[in-house]
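Printed here is query-v9.txt (compact mmCIF, C-alpha atoms):
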# COMPACT_ATOMS: atom_id res chain seq x y z
CA MET A 174 7.07 -24.72 28.98
CA LYS A 175 8.64 -21.30 28.66
CA ASN A 176 10.98 -22.72 26.11
CA SER A 177 8.09 -23.92 23.97
CA PHE A 178 6.44 -20.47 24.03
CA PHE A 179 9.69 -19.01 22.80
CA LYS A 180 9.82 -21.61 20.05
CA ASP A 181 6.28 -20.71 18.93
CA PHE A 182 7.44 -17.16 18.44
CA VAL A 183 10.85 -17.76 16.89
CA LYS A 184 10.02 -20.51 14.42
CA GLY A 185 8.33 -18.07 12.01
CA ILE A 186 11.48 -16.05 11.59
CA TRP A 187 13.77 -18.66 10.09
CA LYS A 188 12.82 -22.30 10.53
CA GLU A 189 9.25 -21.96 9.28
CA ASN A 190 9.56 -18.59 7.59
CA PRO A 191 6.23 -18.12 5.76
CA VAL A 192 7.79 -16.80 2.56
CA LEU A 193 11.02 -18.75 2.34
CA VAL A 194 9.95 -22.12 3.75
CA LEU A 195 6.18 -22.30 3.48
CA LEU A 196 6.19 -20.28 0.24
CA LEU A 197 2.91 -18.69 1.23
CA GLY A 198 1.78 -15.15 0.56
CA THR A 199 3.65 -14.90 -2.71
CA CYS A 200 1.23 -12.28 -4.08
CA PRO A 201 2.14 -9.48 -1.62
CA THR A 202 5.74 -10.70 -1.63
CA LEU A 203 6.06 -10.02 -5.32
CA ALA A 204 3.68 -7.10 -5.66
CA LEU A 205 4.66 -4.97 -2.70
CA THR A 206 8.39 -5.16 -2.30
CA GLY A 207 9.30 -2.49 -4.83
CA SER A 208 10.65 -0.44 -1.97
CA ALA A 209 11.75 -1.31 1.55
CA THR A 210 9.16 1.03 3.05
CA ASN A 211 6.30 -0.68 1.22
CA GLY A 212 7.51 -4.13 2.18
CA PHE A 213 7.85 -3.09 5.80
CA GLY A 214 4.39 -1.47 5.84
CA MET A 215 2.73 -4.51 4.31
CA GLY A 216 4.57 -6.78 6.74
CA ILE A 217 3.41 -4.81 9.78
CA ALA A 218 -0.20 -4.68 8.50
CA THR A 219 -0.18 -8.44 7.93
CA THR A 220 1.36 -9.05 11.36
CA CYS A 221 -1.47 -7.12 13.04
CA VAL A 222 -4.08 -9.12 11.12
CA LEU A 223 -2.28 -12.41 11.85
CA ALA A 224 -2.01 -11.84 15.60
CA GLY A 225 -5.61 -10.64 15.87
CA SER A 226 -7.18 -13.34 13.74
CA ASN A 227 -5.09 -16.08 15.39
CA LEU A 228 -6.30 -14.95 18.81
CA VAL A 229 -9.98 -14.84 17.88
CA ILE A 230 -9.86 -18.07 15.91
CA SER A 231 -8.18 -20.01 18.70
CA LEU A 232 -10.90 -18.71 21.03
CA ILE A 233 -13.81 -19.74 18.83
CA ALA A 234 -12.26 -22.87 17.31
CA SER A 235 -13.76 -25.22 19.89
CA VAL A 236 -17.33 -24.05 19.25
CA THR A 237 -17.04 -23.68 15.49
CA PRO A 238 -18.73 -26.49 13.56
CA LYS A 239 -16.04 -28.13 11.47
CA LYS A 240 -17.99 -27.95 8.24
CA ILE A 241 -18.18 -24.18 8.15
CA ARG A 242 -14.88 -23.37 9.82
CA ILE A 243 -13.24 -21.97 6.67
CA PRO A 244 -16.03 -19.40 5.99
CA VAL A 245 -16.02 -18.47 9.68
CA TYR A 246 -12.25 -17.93 9.63
CA ILE A 247 -12.51 -15.85 6.48
CA VAL A 248 -15.16 -13.64 8.10
CA VAL A 249 -12.93 -13.12 11.15
CA ILE A 250 -9.89 -12.38 8.98
CA ALA A 251 -11.85 -10.04 6.71
CA ALA A 252 -13.09 -8.11 9.74
CA PHE A 253 -9.55 -7.67 11.03
CA VAL A 254 -8.29 -6.59 7.62
CA THR A 255 -11.01 -3.96 7.36
CA VAL A 256 -10.13 -2.67 10.82
CA VAL A 257 -6.45 -2.41 9.85
CA ASP A 258 -7.46 -0.71 6.59
CA LEU A 259 -9.51 1.90 8.45
CA LEU A 260 -6.74 2.51 10.97
CA LEU A 261 -4.16 2.93 8.21
CA GLN A 262 -6.42 5.37 6.38
CA ALA A 263 -6.83 7.40 9.54
CA TYR A 264 -3.34 7.38 11.01
CA ALA A 265 -0.72 6.19 8.50
CA PRO A 266 1.25 8.69 6.40
CA ALA A 267 -0.71 9.47 3.24
CA ALA A 268 2.08 8.29 0.95
CA LEU A 269 2.26 4.87 2.62
CA TYR A 270 -1.50 4.35 2.46
CA GLU A 271 -1.52 5.44 -1.16
CA SER A 272 1.02 2.83 -2.21
CA LEU A 273 -0.33 0.01 -0.01
CA GLY A 274 -4.00 0.91 -0.34
CA ILE A 275 -5.15 -1.49 -3.02
CA PHE A 276 -3.24 -4.41 -1.52
CA ILE A 277 -4.58 -4.15 2.03
CA PRO A 278 -7.92 -5.82 1.22
CA LEU A 279 -5.92 -8.64 -0.36
CA ILE A 280 -4.53 -9.63 3.06
CA VAL A 281 -7.87 -11.43 3.44
CA VAL A 282 -6.85 -13.97 0.84
CA ASN A 283 -3.21 -14.09 1.94
CA CYS A 284 -2.62 -17.80 2.46
CA ILE A 285 -0.41 -17.13 5.46
CA VAL A 286 -3.32 -15.83 7.52
CA LEU A 287 -5.74 -18.63 6.66
CA GLY A 288 -2.91 -21.16 6.77
CA ARG A 289 -1.90 -20.25 10.32
CA ALA A 290 -5.55 -20.14 11.39
CA GLU A 291 -6.12 -23.67 10.16
CA ALA A 292 -2.75 -25.22 10.94
CA PHE A 293 -2.00 -23.60 14.28
CA ALA A 294 -4.59 -21.31 15.86
CA SER A 295 -7.47 -23.78 15.64
CA LYS A 296 -5.46 -26.39 17.55
CA ASN A 297 -3.58 -24.33 20.14
CA SER A 298 -4.21 -22.02 23.09
CA PRO A 299 -4.94 -18.32 22.50
CA PHE A 300 -1.61 -17.23 24.00
CA ARG A 301 0.44 -19.59 21.86
CA SER A 302 -1.60 -18.55 18.81
CA ILE A 303 -0.79 -14.88 19.34
CA LEU A 304 2.90 -15.77 19.65
CA ASP A 305 2.68 -17.82 16.48
CA GLY A 306 0.94 -14.97 14.66
CA LEU A 307 3.49 -12.41 15.82
CA GLY A 308 6.42 -14.67 14.94
CA MET A 309 5.07 -15.51 11.51
CA GLY A 310 4.28 -11.84 10.94
CA LEU A 311 7.77 -10.85 11.99
CA GLY A 312 9.30 -13.41 9.63
CA PHE A 313 7.06 -12.12 6.85
CA THR A 314 7.97 -8.51 7.63
CA LEU A 315 11.71 -9.22 7.74
CA THR A 316 11.62 -11.11 4.45
CA LEU A 317 9.55 -8.45 2.70
CA THR A 318 11.75 -5.66 4.02
CA MET A 319 14.91 -7.46 2.94
CA LEU A 320 13.46 -8.14 -0.50
CA GLY A 321 12.32 -4.51 -0.73
CA MET A 322 15.79 -3.30 0.17
CA ILE A 323 17.43 -5.46 -2.48
CA ARG A 324 14.95 -4.45 -5.17
CA GLU A 325 15.00 -0.78 -4.25
CA PHE A 326 18.79 -0.77 -4.29
CA LEU A 327 19.01 -2.52 -7.65
CA THR A 328 16.46 -0.24 -9.33
CA GLY A 329 17.49 3.09 -7.85
CA GLY A 330 20.59 2.70 -5.72
CA ALA A 331 18.49 3.60 -2.69
CA ILE A 332 17.47 1.92 0.56
CA PHE A 333 14.48 3.20 2.56
CA GLU A 334 14.29 6.06 0.04
CA VAL A 335 17.78 7.24 0.92
CA LYS A 336 19.99 7.16 -2.13
CA ILE A 337 23.17 5.31 -1.21
CA ILE A 338 24.75 5.67 -4.63
CA PRO A 339 23.53 8.91 -6.23
CA ALA A 340 24.89 8.02 -9.67
CA TRP A 341 22.99 4.71 -9.90
CA THR A 342 21.31 4.11 -13.25
CA THR A 343 17.57 4.67 -13.50
CA ASP A 344 17.18 2.40 -16.51
CA PHE A 345 17.53 -0.97 -14.77
CA LEU A 346 13.82 -1.69 -14.38
CA LEU A 347 13.77 -5.48 -14.10
CA PRO A 348 14.20 -5.77 -10.30
CA GLY A 349 11.42 -3.23 -9.84
CA ALA A 350 8.93 -5.35 -11.77
CA ALA A 351 7.30 -8.60 -10.65
CA PRO A 352 9.50 -10.88 -12.79
CA GLY A 353 12.59 -9.39 -11.15
CA ALA A 354 11.06 -10.05 -7.75
CA PHE A 355 10.52 -13.68 -8.75
CA ILE A 356 14.17 -14.03 -9.73
CA ILE A 357 15.41 -12.45 -6.50
CA VAL A 358 13.10 -14.60 -4.34
CA GLY A 359 14.48 -17.61 -6.20
CA CYS A 360 18.04 -16.57 -5.41
CA ILE A 361 17.23 -16.09 -1.71
CA LEU A 362 15.52 -19.50 -1.63
CA ALA A 363 18.60 -21.08 -3.21
CA VAL A 364 20.85 -19.53 -0.58
CA LYS A 365 18.55 -20.63 2.25
CA ASN A 366 18.33 -24.18 0.95
CA TYR A 367 22.10 -24.29 0.54
CA PHE A 368 22.59 -23.42 4.19
CA ASN A 369 19.93 -25.89 5.34
CA ARG A 370 21.47 -28.71 3.32
CA ARG A 371 25.00 -27.90 4.41
CA ALA A 372 23.88 -27.99 8.04
CA ALA A 373 22.17 -31.34 7.40
CA ILE A 374 25.22 -32.82 5.70
CA ARG A 375 27.38 -31.76 8.61
CA ASN A 376 25.08 -33.75 10.89
CA HIS A 377 25.21 -36.67 8.43
CA THR A 378 21.45 -36.49 7.78
CA LEU A 379 19.17 -35.39 4.99
CA TYR A 380 17.39 -32.04 5.12
CA VAL A 381 13.73 -32.56 5.95
CA PRO A 382 11.24 -29.73 6.23
CA PRO A 383 9.91 -29.14 9.76
CA GLN A 384 7.03 -31.34 10.88
CA GLY A 385 3.68 -29.99 9.79
CA LEU A 386 5.09 -28.26 6.72
CA ASN A 387 5.33 -31.45 4.80
CA CYS A 388 2.36 -31.67 2.45
CA ARG A 389 1.60 -35.20 3.62
CA ASN A 390 1.04 -34.00 7.17
CA CYS A 391 -1.07 -31.02 6.30
CA GLY A 392 -4.84 -31.03 6.04
CA ILE A 393 -5.59 -27.55 4.76
CA CYS A 394 -6.73 -28.53 1.32
CA ARG A 395 -8.50 -31.72 2.35
CA ILE A 396 -11.79 -30.01 3.13
CA SER A 397 -13.81 -32.81 1.55
CA ASP A 398 -12.40 -35.28 4.09
CA ASP A 399 -14.14 -33.51 6.97
CA LYS A 400 -16.14 -35.78 9.15
CA MET B 1 -25.11 -32.94 22.33
CA LYS B 2 -22.23 -30.79 21.22
CA LEU B 3 -22.81 -27.92 18.87
CA ARG B 4 -19.94 -28.82 16.60
CA ASP B 5 -21.33 -32.28 15.90
CA GLN B 6 -24.40 -30.79 14.34
CA GLU B 7 -24.81 -31.60 10.69
CA ASN B 8 -28.00 -29.60 10.55
CA ILE B 9 -27.73 -27.00 7.82
CA VAL B 10 -29.89 -24.56 9.78
CA VAL B 11 -27.56 -24.69 12.78
CA LEU B 12 -24.58 -24.16 10.50
CA GLY B 13 -26.26 -21.25 8.77
CA VAL B 14 -27.28 -19.59 12.01
CA PHE B 15 -23.77 -20.00 13.43
CA LEU B 16 -22.22 -18.39 10.37
CA GLY B 17 -24.85 -15.67 10.48
CA VAL B 18 -24.08 -14.89 14.12
CA VAL B 19 -20.35 -14.71 13.41
CA ALA B 20 -20.99 -12.39 10.46
CA LEU B 21 -23.29 -10.27 12.60
CA ILE B 22 -20.68 -9.85 15.33
CA ALA B 23 -18.07 -9.00 12.70
CA ALA B 24 -20.42 -6.44 11.13
CA LEU B 25 -21.07 -4.90 14.54
CA VAL B 26 -17.37 -4.54 15.28
CA LEU B 27 -16.79 -3.03 11.85
CA ALA B 28 -19.66 -0.58 12.28
CA ILE B 29 -18.17 0.64 15.55
CA MET B 30 -14.67 0.89 14.06
CA SER B 31 -15.98 2.74 11.04
CA GLN B 32 -17.72 5.23 13.34
CA LEU B 33 -14.59 5.73 15.40
CA THR B 34 -12.26 6.28 12.46
CA ALA B 35 -14.60 8.37 10.27
CA GLU B 36 -13.43 11.65 11.80
CA PRO B 37 -9.65 10.95 11.67
CA ILE B 38 -9.96 9.70 8.08
CA ARG B 39 -11.73 12.88 7.02
CA GLU B 40 -9.13 14.95 8.85
CA ALA B 41 -6.28 13.08 7.19
CA ALA B 42 -7.85 13.58 3.74
CA GLU B 43 -8.42 17.27 4.47
CA LYS B 44 -4.84 17.70 5.71
CA ASN B 45 -3.59 16.02 2.57
CA ARG B 46 -5.64 18.40 0.42
CA GLN B 47 -4.57 21.49 2.34
CA GLN B 48 -0.96 20.43 2.06
CA ALA B 49 -1.38 20.01 -1.68
CA PHE B 50 -2.85 23.52 -1.89
CA HIS B 51 -0.02 24.94 0.13
CA ARG B 52 2.53 23.27 -2.04
CA LEU B 53 1.04 24.71 -5.19
CA LEU B 54 0.90 28.36 -4.37
CA LEU B 55 3.18 28.69 -1.40
CA PRO B 56 3.91 31.00 0.23
CA GLU B 57 1.74 33.88 -0.86
CA PHE B 58 -1.80 32.90 0.05
CA GLU B 59 -3.93 33.10 3.15
CA ARG B 60 -7.07 31.16 2.51
CA VAL B 61 -8.84 29.01 -0.02
CA GLY B 62 -12.31 30.14 -1.08
CA GLU B 63 -15.48 28.32 -2.09
CA ALA B 64 -15.23 26.12 -5.16
CA VAL B 65 -16.63 27.25 -8.50
CA SER B 66 -17.80 24.32 -10.61
CA CYS B 67 -17.00 24.62 -14.27
CA GLY B 68 -16.87 22.12 -17.10
CA GLY B 69 -16.75 19.14 -14.75
CA PHE B 70 -13.91 20.54 -12.67
CA ASP B 71 -13.83 22.49 -9.42
CA PHE B 72 -11.91 25.75 -9.27
CA PHE B 73 -10.95 27.14 -5.88
CA PRO B 74 -10.11 30.85 -5.71
CA VAL B 75 -7.07 31.52 -3.56
CA PHE B 76 -6.98 34.76 -1.58
CA GLN B 77 -4.25 36.98 -0.26
CA SER B 78 -5.46 39.96 1.81
CA GLU B 79 -8.97 39.50 0.33
CA LYS B 80 -7.70 39.66 -3.25
CA ILE B 81 -7.61 36.71 -5.56
CA VAL B 82 -4.06 35.75 -6.34
CA GLY B 83 -4.90 32.66 -8.32
CA PHE B 84 -7.05 29.61 -8.78
CA VAL B 85 -6.56 25.96 -8.05
CA GLY B 86 -8.37 23.60 -10.40
CA GLN B 87 -9.25 20.13 -9.21
CA GLY B 88 -10.14 17.31 -11.56
CA ARG B 89 -9.94 13.60 -12.08
CA THR B 90 -9.39 11.24 -14.96
CA ARG B 91 -10.07 7.54 -15.29
CA ALA B 92 -7.37 7.11 -17.89
CA GLY B 93 -4.64 6.14 -15.42
CA TYR B 94 -3.00 2.74 -15.54
CA GLY B 95 -4.37 1.82 -12.12
CA GLY B 96 -7.67 3.68 -12.25
CA ALA B 97 -8.58 7.20 -11.31
CA ILE B 98 -6.00 9.95 -10.94
CA GLU B 99 -6.99 13.12 -9.14
CA ALA B 100 -4.95 16.24 -9.76
CA LEU B 101 -4.72 19.84 -8.63
CA VAL B 102 -3.47 22.50 -11.02
CA GLY B 103 -2.54 25.96 -9.76
CA PHE B 104 -3.00 29.05 -11.95
CA ASP B 105 -1.82 32.56 -11.20
CA ARG B 106 -3.63 35.73 -12.25
CA SER B 107 -1.95 35.93 -15.63
CA GLY B 108 -3.08 32.41 -16.49
CA LYS B 109 0.24 30.72 -15.98
CA ILE B 110 0.39 27.29 -14.40
CA THR B 111 2.15 27.58 -11.07
CA GLY B 112 2.26 23.89 -10.32
CA VAL B 113 0.68 20.50 -10.68
CA GLN B 114 0.04 18.20 -7.77
CA ILE B 115 -1.43 14.70 -7.79
CA LEU B 116 -3.90 14.22 -4.94
CA ARG B 117 -4.78 10.58 -5.38
CA HIS B 118 -3.60 7.83 -7.68
CA LYS B 119 -3.23 4.08 -7.78
CA GLU B 120 -0.37 3.81 -10.24
CA THR B 121 2.26 1.10 -10.03
CA PRO B 122 4.77 1.78 -7.26
CA GLY B 123 8.19 2.42 -8.76
CA LEU B 124 6.84 3.14 -12.23
CA GLY B 125 3.68 5.19 -12.71
CA ALA B 126 3.88 6.39 -9.13
CA ASN B 127 7.17 8.11 -9.94
CA VAL B 128 5.32 10.40 -12.33
CA CYS B 129 2.71 11.24 -9.70
CA GLU B 130 4.64 11.67 -6.49
CA ARG B 131 6.70 14.58 -5.38
CA LYS B 132 9.33 13.13 -3.16
CA PHE B 133 12.47 14.76 -1.92
CA GLN B 134 15.36 12.57 -2.99
CA ARG B 135 17.40 11.85 0.10
CA THR B 136 20.94 10.70 -0.36
CA ILE B 137 23.60 9.94 2.20
CA PHE B 138 24.98 13.41 1.53
CA ASN B 139 21.86 15.39 2.49
CA LEU B 140 20.46 13.24 5.28
CA GLY B 141 20.19 16.11 7.74
CA GLU B 142 18.73 18.68 5.38
CA PRO B 143 15.05 19.56 5.70
CA SER B 144 12.90 18.55 2.76
CA PRO B 145 11.85 21.49 0.52
CA ALA B 146 8.19 22.59 0.55
CA VAL B 147 7.73 21.48 -3.05
CA PRO B 148 9.99 18.55 -3.88
CA ALA B 149 10.82 18.51 -7.56
CA ASN B 150 9.29 16.04 -9.98
CA ARG B 151 10.63 16.44 -13.49
CA TYR B 152 7.44 15.17 -15.10
CA LEU B 153 5.02 17.32 -13.12
CA ASP B 154 7.33 20.35 -13.18
CA GLN B 155 7.18 20.45 -16.99
CA PHE B 156 3.82 22.20 -16.71
CA ASN B 157 5.16 25.02 -14.56
CA GLY B 158 5.01 28.40 -16.26
CA LYS B 159 2.91 27.18 -19.20
CA GLU B 160 0.45 29.75 -20.51
CA VAL B 161 -3.11 28.44 -20.55
CA PHE B 162 -4.20 31.03 -23.13
CA SER B 163 -1.55 30.15 -25.68
CA SER B 164 -1.99 26.95 -27.59
CA GLY B 165 0.91 24.61 -27.04
CA ASN B 166 1.29 21.02 -28.06
CA TRP B 167 -0.08 19.43 -24.89
CA ARG B 168 0.87 15.86 -25.51
CA ILE B 169 3.72 13.63 -24.53
CA SER B 170 6.62 13.43 -26.94
CA LYS B 171 5.71 9.88 -27.95
CA ASP B 172 2.41 11.22 -29.32
CA GLY B 173 4.17 14.13 -31.02
CA GLY B 174 3.82 16.61 -28.17
CA GLU B 175 6.28 18.62 -26.17
CA PHE B 176 6.17 16.82 -22.83
CA GLU B 177 8.67 14.30 -21.61
CA TYR B 178 7.32 11.01 -20.31
CA LEU B 179 8.70 8.24 -18.15
CA THR B 180 9.68 5.07 -19.97
CA GLY B 181 7.46 2.27 -18.70
CA ALA B 182 4.79 4.67 -17.52
CA THR B 183 3.49 6.01 -20.81
CA VAL B 184 -0.15 5.51 -19.86
CA THR B 185 0.24 7.46 -16.63
CA SER B 186 2.17 10.27 -18.31
CA ARG B 187 -0.41 10.47 -21.08
CA ALA B 188 -3.32 10.54 -18.62
CA ILE B 189 -1.80 13.31 -16.49
CA THR B 190 -0.85 15.43 -19.51
CA ALA B 191 -4.37 15.09 -20.92
CA LEU B 192 -5.96 15.90 -17.56
CA VAL B 193 -3.84 19.02 -16.99
CA ASN B 194 -4.53 20.10 -20.55
CA GLU B 195 -8.26 19.67 -20.04
CA ILE B 196 -8.31 21.58 -16.75
CA ALA B 197 -6.22 24.36 -18.31
CA THR B 198 -8.50 24.56 -21.35
CA VAL B 199 -11.62 24.81 -19.19
CA PHE B 200 -9.91 27.41 -17.02
CA ALA B 201 -8.90 29.47 -20.04
CA GLY B 202 -12.40 29.27 -21.49
CA ALA B 203 -14.21 30.11 -18.26
CA GLN B 204 -12.37 33.40 -17.65
CA LEU B 205 -12.86 32.92 -13.95
CA ILE B 206 -10.43 35.62 -12.94
CA THR B 207 -12.40 38.47 -14.50
CA ALA B 208 -15.78 36.98 -13.58
CA GLU B 209 -14.84 36.60 -9.95
CA GLU B 210 -13.46 40.16 -9.81
CA GLU B 211 -16.67 41.61 -11.11
CA GLY B 212 -18.64 39.54 -8.64
CA ALA B 213 -16.49 40.92 -5.83
CA LYS B 214 -17.18 44.48 -6.90
Can you give me the file's structure in the form of structure tokens?
Amino acid sequence: MKNSFFKDFVKGIWKENPVLVLLLGTCPTLALTGSATNGFGMGIATTCVLAGSNLVISLIASVTPKKIRIPVYIVVIAAFVTVVDLLLQAYAPAALYESLGIFIPLIVVNCIVLGRAEAFASKNSPFRSILDGLGMGLGFTLTLTMLGMIREFLTGGAIFEVKIIPAWTTDFLLPGAAPGAFIIVGCILAVKNYFNRRAAIRNHTLYVPPQGLNCRNCGICRISDDK
Amino acid sequence: MKLRDQENIVVLGVFLGVVALIAALVLAIMSQLTAEPIREAAEKNRQQAFHRLLLPEFERVGEAVSCGGFDFFPVFQSEKIVGFVGQGRTRAGYGGAIEALVGFDRSGKITGVQILRHKETPGLGANVCERKFQRTIFNLGEPSPAVPANRYLDQFNGKEVFSSGNWRISKDGGEFEYLTGATVTSRAITALVNEIATVFAGAQLITAEEEGAK
């Protein structure tokens, strides 16, 4: 049993990484990874919302009428996002809030949060849901921070606002803009898929996405099928 | 009879209403709890901006004088006015409103420009607005200076508000440099500083305030 709790937590980091495997939450991934600090801040904010909303949703899932579960989840998520927004305004460094500010409300429509609510929290115990939320959040944070580091380095030769190469050109703007982020995410995806496939070939099998990530097994968009 | 099996629209509506009510209640409490820290953080931010503009030779900031749509704060040193800080906002930014502070000394020279609030693109427009000390691996241990340099904002330093300069960015035929890729932001800030300076020059606040003090 302990082992399965651990799995709930760890799967979000690599095996079911929300950005690199589920390809969810692309909006903040592209918009907010201009610097490592921003990516990290957004990741932590999303993690807090994920853990909180997963907990509440797993608690109320059994009493929520199926037909209105999506609006109910959205209300819960929106409440958590507003709380995080207020806390950031009050206690975060002004510079961080300034650069993240307009994107915080968008966590509400981040597919990762609703996706985990529907695919995991509504079917599992509160404790496992928190672990899932924290793990997914951590995977999201790590990916965003890594992407931010790459982009920040390519645009300014800096990482976490510390210039590693002082003489780096300031005219290479592509990685700092959204199209550059798309290209870099694509490269990271290619590397990840290469490793997954190589591991599969070594085991003489084909690479299959983890159970529950396959579109055929997922019910998120089949709202009209609700009975 | 289980609640979740209900198809009744009234039950569904009431359930959603109750959830929304609870959420609203939690938010109301949170909003109450954080109202004070948020105000404090905003005030600290503003004070810091003031300090950065006219550091180190001022003691307190006086009551604002409203003039031409902008607020001008007299800045005192041993009960004498050493300068004014003008505060204004423009909607012409790329990401919406930009709020700026402009410091003037007694002779009408601009002592500094500081952006209080902006929503410009991180990495582009934000670079024009933010004063950030550039850390490199060679100066990791050094303390950050009180006013980190920003080559776009620092262009205004020492400009005379009473003399007519060409207060536009070089792309529009003016004398100010702008950041490639952030023309809109540069243009908005230049126009805003120009406007605040023009109002300040026209209002003759320094002499008016002196006479009031006498």
If the cut-off is 9 Å, can you tell me the residues of chain A near chain B, counting only C-alpha atoms? I'd like them as an NGL selection string.
:A and (205 or 207-208 or 211 or 235-242 or 244-245 or 248-249 or 251-253 or 255-256 or 259-268 or 271-272 or 274-275 or 325 or 328 or 331 or 334-339 or 344 or 346 or 349-350)
Fewer than 2 positions away in the same chain doesn't count, so skip those; otherwise give me all residues within 12 Å of range 167-176 of chain B, counting all atoms listed in the file, as a ChimeraX atom specification.
/B:151-157,159-161,163-165,178-180,182-198
Using Å and a single decimal, report how far CA of Thr199 in chain A sits from CA of Ile356 in chain A.
12.7 Å
Given 5 Å of margin on each side, can you work out the centre and size in Å (one decimal) of an axis-aligned box holding every listed atom of range 195-204 of chain B, as AutoDock Vina command-line options?
--center_x -10.2 --center_y 26.5 --center_z -19.1 --size_x 18.0 --size_y 23.7 --size_z 14.7
One-decimal distance in Å that lies between CA of Leu317 in chain A and CA of Asn150 in chain B
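According to the coordinates, CA of Asn150 in chain B and CA of Leu317 in chain A are separated by 27.6 Å.
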Tell me, in Å to one decimal, how far CA of Asn376 in chain A is from CA of Asn176 in chain A.
23.5 Å
Taking (0.3, 24.7, -13.8) as a centre in this file's frame and 6 Å as the limit, can you find every polymer residue with an atom that close, using all atoms listed in the file, and give them as a PyMOL selection string?
chain B and resi 102-104+110-113+156-157
May I have the residues within 9 Å of range 72-85 of chain B as a VMD selection string, using all atoms listed in the file and disregarding those fewer than 4 positions away in the same chain?
chain B and resid 50 53 to 54 57 to 67 101 to 108 200 205 to 206 209 to 210
Store the residues picked out above, limited to C-alpha atoms, as a PDB file, in the frame of the given file.
ATOM      1  CA  PHE B  50      -2.850  23.520  -1.890  1.00  0.00           C
ATOM      2  CA  LEU B  53       1.040  24.710  -5.190  1.00  0.00           C
ATOM      3  CA  LEU B  54       0.900  28.360  -4.370  1.00  0.00           C
ATOM      4  CA  GLU B  57       1.740  33.880  -0.860  1.00  0.00           C
ATOM      5  CA  PHE B  58      -1.800  32.900   0.050  1.00  0.00           C
ATOM      6  CA  GLU B  59      -3.930  33.100   3.150  1.00  0.00           C
ATOM      7  CA  ARG B  60      -7.070  31.160   2.510  1.00  0.00           C
ATOM      8  CA  VAL B  61      -8.840  29.010  -0.020  1.00  0.00           C
ATOM      9  CA  GLY B  62     -12.310  30.140  -1.080  1.00  0.00           C
ATOM     10  CA  GLU B  63     -15.480  28.320  -2.090  1.00  0.00           C
ATOM     11  CA  ALA B  64     -15.230  26.120  -5.160  1.00  0.00           C
ATOM     12  CA  VAL B  65     -16.630  27.250  -8.500  1.00  0.00           C
ATOM     13  CA  SER B  66     -17.800  24.320 -10.610  1.00  0.00           C
ATOM     14  CA  CYS B  67     -17.000  24.620 -14.270  1.00  0.00           C
ATOM     15  CA  LEU B 101      -4.720  19.840  -8.630  1.00  0.00           C
ATOM     16  CA  VAL B 102      -3.470  22.500 -11.020  1.00  0.00           C
ATOM     17  CA  GLY B 103      -2.540  25.960  -9.760  1.00  0.00           C
ATOM     18  CA  PHE B 104      -3.000  29.050 -11.950  1.00  0.00           C
ATOM     19  CA  ASP B 105      -1.820  32.560 -11.200  1.00  0.00           C
ATOM     20  CA  ARG B 106      -3.630  35.730 -12.250  1.00  0.00           C
ATOM     21  CA  SER B 107      -1.950  35.930 -15.630  1.00  0.00           C
ATOM     22  CA  GLY B 108      -3.080  32.410 -16.490  1.00  0.00           C
ATOM     23  CA  PHE B 200      -9.910  27.410 -17.020  1.00  0.00           C
ATOM     24  CA  LEU B 205     -12.860  32.920 -13.950  1.00  0.00           C
ATOM     25  CA  ILE B 206     -10.430  35.620 -12.940  1.00  0.00           C
ATOM     26  CA  GLU B 209     -14.840  36.600  -9.950  1.00  0.00           C
ATOM     27  CA  GLU B 210     -13.460  40.160  -9.810  1.00  0.00           C
TER      28      GLU B 210
END
List as JSON, numbers by chain the protein and nucleic acid residues near Ala224 in chain A, meaning an atom at most 9 Å away when all atoms listed in the file are counted, but skip any in the same chain fewer than 5 places from it.
{"A": [219, 229, 302, 303, 304, 305, 306, 307, 308, 309, 310]}
Might you pull out every residue within 8 Å of range 277-293 of chain A, with all atoms listed in the file counted and same-chain residues fewer than 6 positions away left off, and present them as a VMD selection string?
chain A and resid 191 197 to 198 200 to 201 215 218 to 219 222 to 223 226 to 227 230 to 231 246 to 247 250 to 251 254 to 255 258 302 305 to 306 391 to 393
